[in-house]
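First up is the structure itself, then whatever we jot down about it.
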Amino acid sequence: MGYSSQSWAEWVKREEATLVPGVAAFIDEVVARNGKVALITNRNKALDSHTWNNLLAQGLPLTTSNTCVVGRTAEDKEAVGQEGMVNDKDLRRMQLTQGEIACSNTSKDATSTWAVPHTIIMQIGDNIEDVGGVTQESANVELLMPRVGTEIFILPNPMYGSW
């Protein structure tokens with residue numbers, strides 16, 4: 001069956017995704033070092049609760065204080081082309097670094113942990129636009145490659161993605 005927005009949303013709503021190998025150990029280490037996880041996904045923001053439930057079902061040590069799930073909105077797409085906004089995740093990255101991120105999974109008691117500026121030390125993904133300020137067309141491989149393995153981590157994805 002081919003991809004469609006409807007079939008994708010239905011799959012996300014089933015909350016059946018499993019972890020990519022190595023994710024559990026990585027998340028355990030991040031949390032053990034008092035780090036945080038900002039999951040900036042291009043899943044529709046309306047699906048964030050399903051993404052969060054699916055993550056919790058995997059037994060990861062995630063809480064609303066250490067994990068922020070933030071899906072894509074029309075505002076993210078509309079921001080592209082504005083100053084500093086090259087791809088549709090850049091607005092959310094900026095909001096995270098400015099302490100203005102709108103986590104879908106936070107409660108009132110956890111909001112304060114995300115309402116402060118954060119520093120992004122790693123960007124992990126299966127698509128070039130998982131890296132801030134980059135698009136498929138603008139990617140400069142010579143400039144990006146020295147960052148791979150230290151602050152940029154590529155997840156192989158045989159189904160889709162662009163690098």
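Chain labels follow the order of the structure tokens: the first chain is A, the next B, and so on; residue numbering restarts at 1 in every chain, and ligands are counted from 1 in their shown order.
The neighbours of segment 133-135 of chain A here are the residues that come within 9 Å of it, using only C-alpha atoms and leaving out any residue fewer than 5 positions away in the same chain; they are Gly84, Met85, Val86, Asn87, Lys89, Asp90, Ile128 and Asn140 of chain A.
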Just to be explicit: take each residue in the selection above, keep N, CA and C atoms, and write the result as an mmCIF file, in the first residue's frame.
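Written file, selection_23.cif:
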```
data_model
loop_
_atom_site.group_PDB
_atom_site.id
_atom_site.type_symbol
_atom_site.label_atom_id
_atom_site.label_comp_id
_atom_site.auth_asym_id
_atom_site.auth_seq_id
_atom_site.Cartn_x
_atom_site.Cartn_y
_atom_site.Cartn_z
ATOM 1 N N GLY A 84 15.911 33.408 8.920
ATOM 2 C CA GLY A 84 16.361 32.263 9.700
ATOM 3 C C GLY A 84 15.521 31.017 9.550
ATOM 4 N N MET A 85 14.501 31.061 8.708
ATOM 5 C CA MET A 85 13.593 29.926 8.540
ATOM 6 C C MET A 85 13.789 29.319 7.143
ATOM 7 N N VAL A 86 14.610 28.301 7.077
ATOM 8 C CA VAL A 86 14.926 27.674 5.801
ATOM 9 C C VAL A 86 14.051 26.451 5.555
ATOM 10 N N ASN A 87 13.827 25.651 6.594
ATOM 11 C CA ASN A 87 12.941 24.497 6.446
ATOM 12 C C ASN A 87 11.846 24.536 7.501
ATOM 13 N N LYS A 89 11.051 22.921 10.053
ATOM 14 C CA LYS A 89 11.329 22.609 11.455
ATOM 15 C C LYS A 89 12.081 23.757 12.131
ATOM 16 N N ASP A 90 12.577 24.704 11.344
ATOM 17 C CA ASP A 90 13.393 25.785 11.907
ATOM 18 C C ASP A 90 12.639 26.659 12.907
ATOM 19 N N ILE A 128 17.442 15.246 5.506
ATOM 20 C CA ILE A 128 18.347 16.392 5.598
ATOM 21 C C ILE A 128 17.700 17.564 6.322
ATOM 22 N N ASN A 140 25.148 21.644 1.869
ATOM 23 C CA ASN A 140 26.543 21.665 1.467
ATOM 24 C C ASN A 140 27.221 20.495 2.183
#
```
Asn66 of chain A environment, 9 Å, only C-alpha atoms, sequence neighbours closer than 2 positions dropped, as a PyMOL selection string: chain A and resi 31+34-38+61-64+68+110+113-114
Residues of chain A in helix (DSSP H, G or I), written as a VMD selection string: chain A and resid 5 to 14 23 to 32 45 to 57 74 to 79 90 to 97 108 to 114 128 to 130 141 to 147
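For the set A:Thr51, A:Gln136, A:Asn42, A:Thr119, the residue with the smallest atom-to-atom gap to Glu10 of chain A is A:Thr51, counting only C-alpha atoms.
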Residue contacts of Ile121 of chain A (12 Å, only C-alpha atoms) excluding same-chain residues fewer than 2 positions away, as a VMD selection string: chain A and resid 30 35 to 38 93 97 118 to 119 123 to 124 131 to 132 147 149 to 153
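When DSSP reads the backbone of this structure, the residues of segment 59-104 of chain A it assigns to strand (DSSP E) are A:Thr67, A:Cys68, A:Val69, A:Val70, A:Gly71, A:Arg72.
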Keeping only C-alpha atoms, take the residues you just selected and write them out as an mmCIF file, in the first residue's frame.
```
data_model
loop_
_atom_site.group_PDB
_atom_site.id
_atom_site.type_symbol
_atom_site.label_atom_id
_atom_site.label_comp_id
_atom_site.auth_asym_id
_atom_site.auth_seq_id
_atom_site.Cartn_x
_atom_site.Cartn_y
_atom_site.Cartn_z
ATOM 1 C CA THR A 67 10.633 15.104 26.686
ATOM 2 C CA CYS A 68 8.828 17.555 24.432
ATOM 3 C CA VAL A 69 6.749 16.318 21.488
ATOM 4 C CA VAL A 70 5.938 18.978 18.933
ATOM 5 C CA GLY A 71 4.382 18.199 15.575
ATOM 6 C CA ARG A 72 4.066 20.385 12.511
#
```
Pick from A:Leu91, A:Asn127, A:Pro21, A:Ser104, whichever lies nearest to Glu78 of chain A using only C-alpha atoms: A:Leu91
